[in-house]
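Enquirer: Data file query.txt (compact mmCIF, C-alpha atoms) is appended below.
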# COMPACT_ATOMS: atom_id res chain seq x y z
CA MET P 82 30.11 -26.00 21.22
CA ILE P 83 31.81 -22.69 21.95
CA CYS P 84 30.38 -19.66 23.74
CA ALA P 85 29.93 -17.54 20.59
CA GLU P 86 27.85 -20.23 18.94
CA THR P 87 25.85 -20.80 22.10
CA ARG P 88 25.07 -17.10 22.38
CA ARG P 89 23.86 -17.10 18.80
CA LEU P 90 21.44 -19.93 19.51
CA ILE P 91 20.51 -19.22 23.09
CA ASP P 92 17.36 -17.22 22.31
CA ALA P 93 16.07 -19.96 20.06
CA TYR P 94 16.99 -22.43 22.82
CA VAL P 95 14.89 -20.72 25.49
CA ASP P 96 12.07 -20.32 22.96
CA ASN P 97 12.16 -24.07 22.20
CA GLU P 98 12.82 -23.30 18.56
CA LEU P 99 15.94 -25.47 18.16
CA ASP P 100 15.88 -28.96 16.78
CA LEU P 101 16.71 -31.74 19.22
CA ARG P 102 20.38 -31.93 18.33
CA GLY P 103 20.91 -28.18 18.61
CA ALA P 104 19.05 -28.07 21.89
CA LEU P 105 21.17 -30.86 23.35
CA GLU P 106 24.39 -29.14 22.31
CA VAL P 107 23.36 -25.84 23.88
CA GLU P 108 22.20 -27.61 27.01
CA GLU P 109 25.50 -29.40 27.35
CA HIS P 110 27.48 -26.19 26.93
CA ILE P 111 25.34 -24.27 29.42
CA ALA P 112 25.80 -26.99 32.02
CA ARG P 113 29.55 -26.44 32.12
CA CYS P 114 29.89 -22.74 31.23
CA PRO P 115 28.88 -20.40 34.08
CA ALA P 116 28.73 -17.28 31.85
CA CYS P 117 26.40 -18.87 29.32
CA GLY P 118 24.42 -20.43 32.15
CA ALA P 119 23.91 -16.98 33.66
CA GLU P 120 22.82 -15.68 30.26
CA GLU P 121 20.26 -18.46 29.97
CA ARG P 122 18.84 -17.66 33.45
CA ALA P 123 18.71 -13.94 32.63
CA LEU P 124 16.80 -14.67 29.44
CA ARG P 125 14.32 -16.91 31.23
CA GLU P 126 13.84 -14.25 33.88
CA LEU P 127 13.14 -11.63 31.26
CA GLN P 128 10.73 -13.99 29.56
CA ALA P 129 8.89 -14.71 32.81
CA SER P 130 8.85 -11.04 33.70
CA ALA P 131 7.47 -10.10 30.28
CA ARG P 132 4.73 -12.68 30.53
CA ALA P 133 3.78 -11.62 34.02
CA ASN P 134 4.25 -7.89 33.80
CA LEU P 135 3.66 -6.53 30.34
CA THR P 136 0.36 -4.68 30.25
CA ARG P 137 -2.27 -6.51 28.26
CA TYR P 138 -4.23 -3.61 26.86
CA SER P 139 -7.92 -4.11 26.45
CA MET P 140 -10.37 -2.34 24.23
CA SER P 141 -12.70 0.20 25.72
CA PRO P 142 -16.26 -1.14 25.95
CA GLU P 143 -17.26 1.63 23.51
CA LEU P 144 -14.84 0.40 20.87
CA GLU P 145 -15.87 -3.20 21.32
CA ALA P 146 -19.53 -2.24 21.04
CA ARG P 147 -18.78 -0.17 17.95
CA LEU P 148 -16.93 -3.03 16.28
CA ARG P 149 -19.71 -5.46 17.10
CA ALA P 150 -22.30 -3.00 15.85
CA LEU P 151 -20.31 -2.69 12.67
CA LEU P 152 -20.58 -6.41 12.11
CA GLN P 153 -24.30 -6.41 12.74
CA VAL P 154 -24.72 -3.73 10.14
CA GLU P 155 -22.81 -5.94 7.78
CA GLU P 156 -24.84 -9.00 8.59
CA PRO P 157 -26.95 -10.00 5.61
CA PRO P 158 -30.53 -11.20 6.01
CA ALA P 159 -30.74 -14.83 7.07
CA PRO P 160 -32.76 -16.88 4.57
CA ALA P 161 -33.56 -15.24 1.25
CA ALA P 162 -37.10 -16.66 1.48
CA SER P 163 -38.08 -14.41 4.37
CA GLY P 164 -37.94 -11.45 2.04
CA ASN P 165 -41.25 -10.03 3.17
CA SER P 166 -40.59 -9.48 6.83
CA SER P 167 -39.63 -6.01 7.85
CA THR P 168 -36.55 -7.37 9.61
CA ALA P 169 -35.28 -8.75 6.35
CA ARG P 170 -36.04 -5.45 4.67
CA VAL P 171 -34.05 -3.60 7.30
CA ALA P 172 -31.24 -6.10 6.98
CA ARG P 173 -31.26 -5.81 3.20
CA ARG P 174 -31.16 -2.09 3.49
CA ALA P 175 -28.26 -2.34 5.89
CA LEU P 176 -26.47 -4.66 3.52
CA ARG P 177 -26.98 -2.32 0.62
CA ALA P 178 -25.59 0.44 2.77
CA TRP P 179 -22.58 -1.66 3.51
CA LYS P 180 -22.11 -2.37 -0.13
CA TRP P 181 -22.86 0.95 -1.66
CA ALA P 182 -22.11 3.38 1.10
CA ALA P 183 -25.50 4.97 1.07
CA LEU P 184 -25.08 7.84 3.43
CA ALA P 185 -28.74 7.76 4.31
CA PRO P 186 -29.27 7.47 8.03
CA LEU P 187 -29.13 3.90 9.23
CA ALA P 188 -29.08 2.50 12.69
CA ALA P 189 -27.72 4.75 15.40
CA ALA P 190 -24.69 2.53 15.58
CA ALA P 191 -23.91 3.18 11.97
CA ALA P 192 -24.29 6.89 12.50
CA VAL P 193 -21.86 6.76 15.39
CA LEU P 194 -19.45 4.78 13.30
CA PHE P 195 -19.65 7.26 10.49
CA ALA P 196 -19.10 10.15 12.87
CA VAL P 197 -15.81 8.58 13.86
CA GLY P 198 -14.38 9.35 10.46
CA PRO P 199 -15.35 8.88 6.86
CA GLY P 200 -12.12 6.99 6.23
CA LEU P 201 -13.31 4.22 8.50
CA TRP P 202 -16.71 3.68 7.01
CA PRO P 203 -16.66 0.37 5.22
CA ARG P 204 -17.78 0.57 1.67
CA ARG P 205 -17.17 -0.78 -1.72
CA SER P 206 -16.85 2.70 -3.13
CA GLU P 207 -13.81 3.27 -0.97
CA ALA P 208 -11.84 1.27 -3.49
CA VAL P 209 -13.27 3.36 -6.32
CA GLU P 210 -12.57 6.51 -4.37
CA ASP P 211 -8.97 5.45 -3.89
CA ALA P 212 -8.66 4.48 -7.52
CA VAL P 213 -10.09 7.75 -8.79
CA ILE P 214 -7.95 9.88 -6.52
CA ALA P 215 -4.90 7.79 -7.39
CA ALA P 216 -5.66 8.28 -11.09
CA HIS P 217 -5.92 12.03 -10.47
CA VAL P 218 -2.62 12.13 -8.59
CA ARG P 219 -0.94 10.01 -11.28
CA SER P 220 -2.11 12.38 -13.96
CA LEU P 221 -0.36 15.22 -12.13
CA LEU P 222 2.86 13.39 -11.30
CA ALA P 223 3.67 11.31 -14.31
CA ASN P 224 3.67 14.15 -16.79
CA HIS P 225 0.81 12.40 -18.45
CA LEU P 226 -2.05 14.76 -17.96
CA THR P 227 -3.53 14.34 -21.40
CA ASP P 228 -3.41 11.90 -24.28
CA VAL P 229 -5.03 14.47 -26.50
CA ALA P 230 -4.19 18.05 -25.66
CA SER P 231 -6.80 20.33 -27.04
CA SER P 232 -9.15 23.00 -25.84
CA ASP P 233 -11.45 22.13 -28.72
CA GLN P 234 -14.30 19.89 -27.64
CA HIS P 235 -14.74 18.84 -31.27
CA THR P 236 -11.23 17.38 -31.20
CA VAL P 237 -11.45 15.73 -27.81
CA LYS P 238 -14.79 14.01 -28.24
CA PRO P 239 -13.95 12.15 -31.47
CA TRP P 240 -10.60 11.14 -30.01
CA PHE P 241 -12.40 8.97 -27.46
CA GLN P 242 -14.46 7.26 -30.12
CA GLY P 243 -12.93 3.95 -31.04
CA LYS P 244 -11.05 3.88 -27.73
CA LEU P 245 -14.16 3.51 -25.60
CA ASP P 246 -17.31 1.53 -26.27
CA TYR P 247 -19.46 4.39 -25.04
CA SER P 248 -19.69 7.98 -26.05
CA VAL P 249 -18.75 10.88 -23.85
CA SER P 250 -20.02 14.38 -24.27
CA VAL P 251 -17.31 17.01 -24.00
CA THR P 252 -17.88 20.69 -23.31
CA ASP P 253 -15.38 23.48 -22.92
CA TRP P 254 -16.25 25.84 -20.06
CA ALA P 255 -13.53 28.41 -20.74
CA ALA P 256 -16.13 31.18 -20.60
CA GLU P 257 -17.04 30.09 -17.07
CA GLY P 258 -13.40 29.96 -16.02
CA PHE P 259 -12.84 26.23 -16.51
CA PRO P 260 -11.00 25.82 -19.82
CA LEU P 261 -10.79 22.33 -21.30
CA VAL P 262 -7.18 21.28 -21.76
CA GLY P 263 -7.64 17.80 -23.14
CA GLY P 264 -8.62 14.20 -22.61
CA ARG P 265 -6.96 11.07 -21.36
CA LEU P 266 -7.75 7.39 -21.27
CA ASP P 267 -7.65 6.04 -17.71
CA TYR P 268 -8.71 2.93 -15.83
CA VAL P 269 -11.04 2.83 -12.86
CA GLU P 270 -12.75 -0.27 -11.48
CA ASP P 271 -10.99 -2.28 -14.20
CA THR P 272 -12.94 -0.29 -16.74
CA PRO P 273 -11.54 2.12 -19.29
CA ALA P 274 -12.69 5.56 -18.22
CA ALA P 275 -12.63 8.85 -20.05
CA ALA P 276 -10.77 11.52 -18.13
CA LEU P 277 -11.68 15.03 -19.25
CA VAL P 278 -9.08 17.49 -18.07
CA TYR P 279 -9.93 21.06 -17.11
CA LYS P 280 -7.99 23.84 -15.46
CA ARG P 281 -8.96 26.42 -12.91
CA ALA P 282 -6.09 28.89 -12.58
CA GLN P 283 -3.12 26.58 -11.84
CA HIS P 284 -5.25 23.72 -10.57
CA VAL P 285 -6.16 20.66 -12.59
CA ILE P 286 -9.63 19.17 -12.47
CA ASN P 287 -10.11 15.62 -13.72
CA LEU P 288 -13.64 14.66 -14.67
CA PHE P 289 -13.80 10.86 -14.92
CA VAL P 290 -16.64 9.29 -16.85
CA TRP P 291 -17.41 5.60 -17.22
CA PRO P 292 -20.48 3.40 -17.47
CA SER P 293 -22.09 2.17 -14.26
CA LYS P 294 -21.85 -1.51 -13.59
CA GLY P 295 -24.13 -4.01 -11.88
CA GLU P 296 -26.86 -2.99 -9.50
CA ARG P 297 -26.14 0.66 -9.76
CA ALA P 298 -26.60 0.90 -13.49
CA SER P 299 -30.31 1.48 -13.27
CA SER P 300 -30.49 4.22 -10.68
CA ASP P 301 -29.23 7.79 -10.74
CA GLU P 302 -27.29 8.88 -7.70
CA PRO P 303 -27.27 12.40 -6.39
CA VAL P 304 -24.06 14.36 -5.99
CA ARG P 305 -21.93 13.41 -3.02
CA ARG P 306 -18.76 14.98 -1.79
CA LEU P 307 -15.79 13.07 -0.39
CA CYS P 308 -12.38 14.21 0.69
CA ARG P 309 -9.27 12.15 1.12
CA ARG P 310 -5.60 12.98 1.37
CA GLY P 311 -6.21 16.64 0.62
CA TYR P 312 -8.16 15.98 -2.54
CA CYS P 313 -11.88 16.48 -2.76
CA ALA P 314 -14.10 14.65 -5.14
CA TYR P 315 -17.71 14.91 -6.16
CA ARG P 316 -19.44 11.92 -7.60
CA TRP P 317 -22.80 11.26 -9.10
CA SER P 318 -24.36 8.98 -11.64
CA LYS P 319 -26.88 9.67 -14.28
CA GLU P 320 -28.44 7.67 -17.04
CA GLY P 321 -26.11 4.71 -16.65
CA MET P 322 -22.92 6.72 -16.43
CA ARG P 323 -20.80 7.47 -13.41
CA TYR P 324 -19.04 10.78 -12.94
CA TRP P 325 -16.27 11.76 -10.58
CA ALA P 326 -14.79 15.24 -10.47
CA VAL P 327 -11.49 15.38 -8.57
CA SER P 328 -9.23 18.31 -7.83
CA ASP P 329 -7.27 20.13 -5.17
CA VAL P 330 -8.88 23.41 -6.21
CA ASN P 331 -10.87 25.16 -3.50
CA ASP P 332 -14.20 23.63 -2.73
CA ALA P 333 -16.37 26.50 -3.94
CA ASP P 334 -14.75 26.38 -7.38
CA LEU P 335 -15.04 22.63 -7.61
CA LYS P 336 -18.67 22.90 -6.65
CA THR P 337 -19.28 25.45 -9.40
CA PHE P 338 -17.56 23.12 -11.83
CA VAL P 339 -19.72 20.22 -10.72
CA GLU P 340 -22.86 22.30 -11.22
CA LEU P 341 -21.75 23.09 -14.76
CA ALA P 342 -20.93 19.48 -15.42
CA ARG P 343 -24.24 18.31 -13.98
CA ARG P 344 -26.12 20.45 -16.44
CA GLU P 345 -24.32 18.69 -19.25
CA HIS P 346 -24.01 15.24 -17.75
CA MET A 39 -23.08 -15.25 2.69
CA PRO A 40 -24.81 -16.12 5.98
CA GLY A 41 -22.29 -18.93 6.42
CA GLN A 42 -19.48 -16.53 5.75
CA VAL A 43 -20.64 -14.06 8.38
CA ALA A 44 -21.14 -16.83 10.91
CA SER A 45 -17.64 -18.11 10.38
CA PHE A 46 -16.10 -14.66 10.47
CA GLU A 47 -17.82 -14.19 13.77
CA GLN A 48 -16.73 -17.59 15.02
CA LEU A 49 -13.20 -17.58 13.68
CA VAL A 50 -12.05 -14.00 13.81
CA LEU A 51 -13.99 -12.11 16.48
CA PRO A 52 -12.57 -14.16 19.36
CA HIS A 53 -9.13 -12.75 18.51
CA MET A 54 -10.22 -9.14 18.41
CA ARG A 55 -8.78 -8.51 21.87
CA ALA A 56 -5.39 -9.95 20.99
CA GLY A 57 -5.55 -7.74 17.91
CA TYR A 58 -6.21 -4.66 19.99
CA ASN A 59 -3.37 -5.45 22.35
CA LEU A 60 -1.00 -5.68 19.39
CA ALA A 61 -2.29 -2.43 17.88
CA ARG A 62 -1.89 -0.68 21.22
CA TRP A 63 1.68 -1.90 21.63
CA LEU A 64 2.63 -0.91 18.10
CA LEU A 65 1.05 2.55 18.28
CA ARG A 66 1.60 3.33 21.96
CA ASN A 67 -1.58 5.27 22.57
CA ASP A 68 -5.24 4.38 22.87
CA HIS A 69 -6.57 6.85 20.35
CA ASP A 70 -4.49 5.68 17.41
CA ALA A 71 -4.91 2.04 18.44
CA GLU A 72 -8.69 2.45 18.32
CA ASP A 73 -8.59 4.03 14.87
CA VAL A 74 -6.29 1.35 13.53
CA MET A 75 -8.30 -1.44 15.13
CA GLN A 76 -11.46 -0.22 13.50
CA GLU A 77 -9.77 0.06 10.12
CA ALA A 78 -8.28 -3.41 10.60
CA MET A 79 -11.63 -5.02 11.44
CA VAL A 80 -13.17 -3.46 8.34
CA ARG A 81 -10.31 -4.80 6.24
CA ALA A 82 -10.49 -8.19 7.91
CA PHE A 83 -14.18 -8.43 7.14
CA ARG A 84 -13.65 -7.35 3.58
CA PHE A 85 -10.79 -9.73 2.92
CA PHE A 86 -12.15 -12.65 4.91
CA ASP A 87 -13.08 -14.33 1.63
CA GLY A 88 -9.40 -14.66 0.95
CA PHE A 89 -8.67 -16.39 4.25
CA ARG A 90 -7.75 -20.01 3.57
CA GLY A 91 -5.46 -20.76 6.47
CA ASP A 92 -5.97 -22.68 9.65
CA ASN A 93 -4.79 -19.97 12.02
CA PRO A 94 -7.34 -17.16 12.19
CA ARG A 95 -5.54 -15.60 15.14
CA ALA A 96 -2.28 -15.15 13.25
CA TRP A 97 -4.29 -13.97 10.26
CA LEU A 98 -6.11 -11.27 12.22
CA LEU A 99 -2.87 -10.21 13.90
CA THR A 100 -1.36 -9.85 10.42
CA VAL A 101 -4.22 -7.62 9.29
CA VAL A 102 -3.88 -5.51 12.45
CA ARG A 103 -0.13 -5.30 12.07
CA ASN A 104 -0.37 -4.20 8.44
CA SER A 105 -2.99 -1.58 9.32
CA ALA A 106 -0.74 -0.30 12.09
CA TYR A 107 2.22 -0.04 9.74
CA THR A 108 0.13 1.77 7.14
CA PHE A 109 -0.90 4.21 9.85
CA LEU A 110 2.70 4.70 10.95
CA GLN A 111 3.86 5.23 7.38
CA GLN A 112 1.22 7.90 6.89
CA ASN A 113 1.50 9.62 10.24
CA ARG A 114 4.75 8.77 11.96
CA ALA A 115 7.10 7.55 9.26
CA ARG A 116 9.99 8.66 11.48
CA GLU A 117 9.35 5.67 13.72
CA LEU A 118 9.87 3.13 10.97
CA GLY A 119 13.09 1.59 9.77
CA THR A 120 15.08 2.96 12.66
CA GLU A 121 17.86 1.40 14.63
CA PHE A 122 18.20 1.66 18.38
CA ASP A 123 18.77 5.23 19.30
CA GLU A 124 18.58 6.48 22.83
CA GLU A 125 17.63 9.96 21.65
CA VAL A 126 14.59 8.74 19.77
CA HIS A 127 13.68 5.66 21.74
CA GLY A 128 14.50 6.79 25.22
CA GLU A 129 10.97 7.83 26.10
CA PRO A 130 7.57 6.34 25.36
CA ALA A 131 5.44 8.23 22.85
CA SER A 132 2.62 8.92 25.22
CA ALA A 133 1.83 8.81 28.87
CA ASP A 134 -1.74 7.65 28.73
CA ARG A 135 -2.33 4.32 30.36
CA THR A 136 -5.22 2.02 30.84
CA GLU A 137 -7.11 2.58 34.02
CA GLU A 138 -5.17 1.69 37.13
CA THR A 139 -6.85 1.14 40.46
CA PRO A 140 -4.85 1.93 43.62
CA GLU A 141 -4.53 -1.79 44.29
CA VAL A 142 -3.09 -2.39 40.86
CA LEU A 143 -0.69 0.48 41.29
CA LEU A 144 0.50 -0.89 44.60
CA LEU A 145 1.03 -4.30 43.12
CA ARG A 146 2.95 -3.03 40.17
CA SER A 147 6.56 -2.92 41.05
CA ALA A 148 9.06 -0.52 39.65
CA GLN A 149 10.36 -3.41 37.61
CA GLN A 150 6.99 -3.93 35.97
CA ARG A 151 6.70 -0.31 35.03
CA SER A 152 10.21 -0.12 33.77
CA LEU A 153 9.80 -3.22 31.60
CA ASN A 154 6.69 -1.75 30.01
CA GLU A 155 8.50 1.48 29.36
CA ALA A 156 11.57 -0.26 28.03
CA VAL A 157 9.44 -2.25 25.57
CA GLU A 158 7.66 0.94 24.49
CA ALA A 159 11.03 2.51 23.84
CA LEU A 160 12.11 -0.22 21.40
CA PRO A 161 11.92 0.60 17.70
CA VAL A 162 8.65 -0.72 16.36
CA GLU A 163 10.22 -3.51 14.26
CA PHE A 164 11.84 -4.94 17.39
CA ARG A 165 8.89 -4.22 19.66
CA GLU A 166 6.50 -6.16 17.44
CA VAL A 167 8.69 -9.26 17.36
CA PHE A 168 9.06 -9.18 21.15
CA VAL A 169 5.35 -8.63 21.81
CA LEU A 170 4.28 -11.33 19.35
CA ARG A 171 6.69 -13.79 20.92
CA GLU A 172 6.21 -13.05 24.62
CA MET A 173 2.59 -11.93 24.77
CA GLU A 174 1.02 -13.92 21.95
CA GLY A 175 3.36 -16.90 22.08
CA LEU A 176 3.78 -17.01 18.31
CA SER A 177 6.47 -19.27 16.87
CA TYR A 178 9.40 -17.83 14.90
CA LYS A 179 7.80 -19.15 11.74
CA GLU A 180 4.48 -17.47 12.50
CA ILE A 181 6.19 -14.18 13.27
CA ALA A 182 8.24 -14.45 10.06
CA ASP A 183 5.08 -14.98 7.99
CA LEU A 184 3.24 -12.21 9.77
CA ALA A 185 5.95 -9.58 9.43
CA ARG A 186 7.13 -10.91 6.06
CA ILE A 187 10.73 -11.24 7.17
CA PRO A 188 13.07 -14.27 7.15
CA ILE A 189 13.21 -16.44 10.27
CA GLY A 190 16.83 -15.39 10.73
CA THR A 191 15.68 -11.79 11.02
CA VAL A 192 13.07 -12.79 13.60
CA MET A 193 15.85 -14.41 15.62
CA SER A 194 18.21 -11.48 15.40
CA ARG A 195 15.54 -8.88 16.17
CA LEU A 196 14.25 -10.83 19.12
CA SER A 197 17.76 -11.32 20.43
CA ARG A 198 18.63 -7.62 20.08
CA ALA A 199 15.32 -6.59 21.65
CA ARG A 200 16.04 -8.78 24.66
CA ARG A 201 19.57 -7.48 25.11
CA GLN A 202 18.26 -3.94 24.89
CA LEU A 203 15.55 -4.66 27.46
CA GLN A 204 17.98 -6.31 29.83
CA ALA A 205 20.26 -3.31 29.57
CA ALA A 206 17.42 -0.81 30.00
CA VAL A 207 15.84 -2.55 32.98
CA GLY A 208 19.23 -3.11 34.60
CA ARG A 209 20.15 0.54 34.11
CA ARG A 210 16.95 1.70 35.72
CA GLU A 211 17.37 -0.68 38.62
CA ARG A 212 20.90 0.51 39.21
CA GLY A 213 19.74 4.11 38.87
CA GLY A 214 16.94 3.44 41.35
CA SER A 215 19.09 1.81 44.02
CA ALA A 216 21.75 4.50 43.81
CA SER A 217 19.37 7.31 44.68
Show how you would write the structure in this file as structure tokens.
Expert:
Amino acid sequence: MICAETRRLIDAYVDNELDLRGALEVEEHIARCPACGAEERALRELQASARANLTRYSMSPELEARLRALLQVEEPPAPAASGNSSTARVARRALRAWKWAALAPLAAAAAVLFAVGPGLWPRRSEAVEDAVIAAHVRSLLANHLTDVASSDQHTVKPWFQGKLDYSVSVTDWAAEGFPLVGGRLDYVEDTPAAALVYKRAQHVINLFVWPSKGERASSDEPVRRLCRRGYCAYRWSKEGMRYWAVSDVNDADLKTFVELARREH
Amino acid sequence: MPGQVASFEQLVLPHMRAGYNLARWLLRNDHDAEDVMQEAMVRAFRFFDGFRGDNPRAWLLTVVRNSAYTFLQQNRARELGTEFDEEVHGEPASADRTEETPEVLLLRSAQQRSLNEAVEALPVEFREVFVLREMEGLSYKEIADLARIPIGTVMSRLSRARRQLQAAVGRRERGGSAS
């Protein structure tokens, strides 16, 4: 074996990653080549120094406590049979919170966790949030804002019929400063969703509408506001339908829009 | 579900500290490492259903590593995909350190400090391979799977990282003895 080949394999040799034959060849070369022997010693020294000297960073006790608290919040009730005890009720409530991101006050630990940053709060709706905001961004980027471009609600509403298995009410709020510009078929939570497109000055507002699924179908949810990546969204659900209004318009305007939409939806 | 939580706790939580150490080395400051660690634990819990392997430590390290890269892409994209460059990698990103008692400070030689700093100065793709190998003792194969790179790339990155560290530590030692 020549020096160049040895140098190529020498790291794997000191890491014990060579097969037996390769290791023997390197060993043999090192034994009679002072330069490669010195290289091997230098590598082993670096290795020993790294193992002895590199700082092993440890978590602050606060972080460790927070992470452990997070897991307790997530912990579901033990046996389903003990459904009557208040502990199980608390646990169920905590689990629901984990699943559905109820912002209602929970344990102090959960409050602390939430205070750290909304982006870190574990929740199922995070995926929906991402999907809705992504759909909004896509609609702006891909030159595919509308499938049906019309400010006439009587054109937009029938367009959705036959494309969706639910009906969507469409209102033009041009008089209030939010003209309807059209509608688009989108997908959120693997469900076809109606996207109603409005404008406020140069800003686009997407109002996504789709039917609630699963547990949430039965209960109405009040309006909640979330912001991510510079976009703010308001969501609520009513009578089995979910609504998300997303835009980069200023918050006061979006809020006005949501109030209008709430009256209708 | 109760079984799942128990096994997450049993399998994954013991490796939380190794995960934090990796996050801290990749991000080079406590604040970002804490944020990323929290995000990573949430992801780990959420995706634990999908864990089928026999190496929960490597799995958690993968989740932490991916969270750290996502963070870097969003906040410090400049640090990714770079080659060695003394201008960029000459100095560590931050000066904050874990708490050091006077005894610890006395014990820490200049060599120790300079090795830490030299590792911090490596580009992140090289730093991660070095830290996973020397601090976590992962095999080339495990590192390749974790970082989703070929084993040959693990070898070449590790080798270049070591040469760079030898040069950096040697330079500092020479600089120190000359003054």
Enquirer: Compare P:Arg88, P:His217, P:Arg113, P:Arg137 by their minimum atom-to-atom distance to chain A, counting only C-alpha atoms, and give me the closest one.
Expert: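 Residue with the minimum atom-to-atom distance to chain A: P:Arg137.
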Enquirer: Considering all atoms listed in the file, can you say which of P:Ala131, P:Gly264, P:Ala275, P:Arg316 comes closest to Glu155 (chain A)?
Expert: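 Closest to Glu155 (chain A) of all the choices is P:Ala131.
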Enquirer: For each of P:Glu126, P:Asp267, P:Asp228, P:Glu108, take the minimum atom-to-atom distance to chain A, counting only C-alpha atoms, then give the residue where this is smallest.
Expert: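 Ranking P:Glu126, P:Asp267, P:Asp228, P:Glu108 by distance to chain A, first place goes to P:Glu126.
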Enquirer: Could you tell me which of P:Ser139, P:Asn134, P:Ser328, P:Thr227 comes closest to Leu307 (chain P) if we count all atoms listed in the file?
Expert: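 The shortest atom-to-atom distance to Leu307 (chain P) comes from P:Ser328.
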Enquirer: Could you check the closest approach to chain A for each of P:Cys117, P:Ala104, P:Met82, P:Leu124 and tell me which residue wins, using only C-alpha atoms?
Expert: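 Closest to chain A, using only C-alpha atoms: P:Leu124.
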Enquirer: Between A:Pro161, A:Gly57, A:Pro188, A:Pro94, single out the one closest to chain P, counting all atoms listed in the file.
Expert: A:Gly57
Enquirer: What's the separation between CA of Arg62 (chain A) and CA of Val192 (chain A), in Å to one decimal place?
Expert: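 If I compute the distance from CA of Arg62 (chain A) to CA of Val192 (chain A), I get 20.7 Å.
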Enquirer: Please measure the separation of CA of Val101 (chain A) and CA of Ala82 (chain A), giving the value in Å to one decimal.
Expert: 6.4 Å
Enquirer: Quick one: everything within 7 Å of region 272-274 of chain P, counting all atoms listed in the file, minus sequence neighbours fewer than 5 positions away in the same chain. Send it as a PyMOL selection string.
Expert: chain P and resi 245+266-267+289-291
Enquirer: In Å, with one decimal, what is the gap from CA of Tyr279 (chain P) to CA of Val262 (chain P)?
Expert: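 About the pair CA of Tyr279 (chain P) and CA of Val262 (chain P): they are 5.4 Å apart.
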Enquirer: Enumerate as number ranges by chain the residues belonging to chain A that approach chain P to within 8 Å, with all atoms listed in the file taken into account.
Expert: A: 39-40, 43, 55, 58-59, 62, 72-73, 76-77, 79-80, 136, 150, 153-154, 172-173, 177-178, 193, 196-197, 200, 204
Enquirer: Around the point (-13.2, 21.5, -32.0), in the coordinates given by the file, pick out the residues reaching within 12 Å, counting all atoms listed in the file, and return them as a PyMOL selection string.
Expert: chain P and resi 230-240+251-253+261-263
Enquirer: Considering only C-alpha atoms, return as a count of residues only whatever protein or nucleic-acid residues lie within 8 Å of Glu302 (chain P), sequence-local ones (same chain, fewer than 4 positions apart) excluded.
Expert: 3
Enquirer: Taking all listed atoms of region 314-320 of chain P, build the axis-aligned box, pad each of the six sides by 6 Å, then write its centre and edge lengths in Å to one decimal as AutoDock Vina command-line options.
Expert:
--center_x -21.3 --center_y 11.3 --center_z -11.1 --size_x 26.3 --size_y 19.2 --size_z 23.9
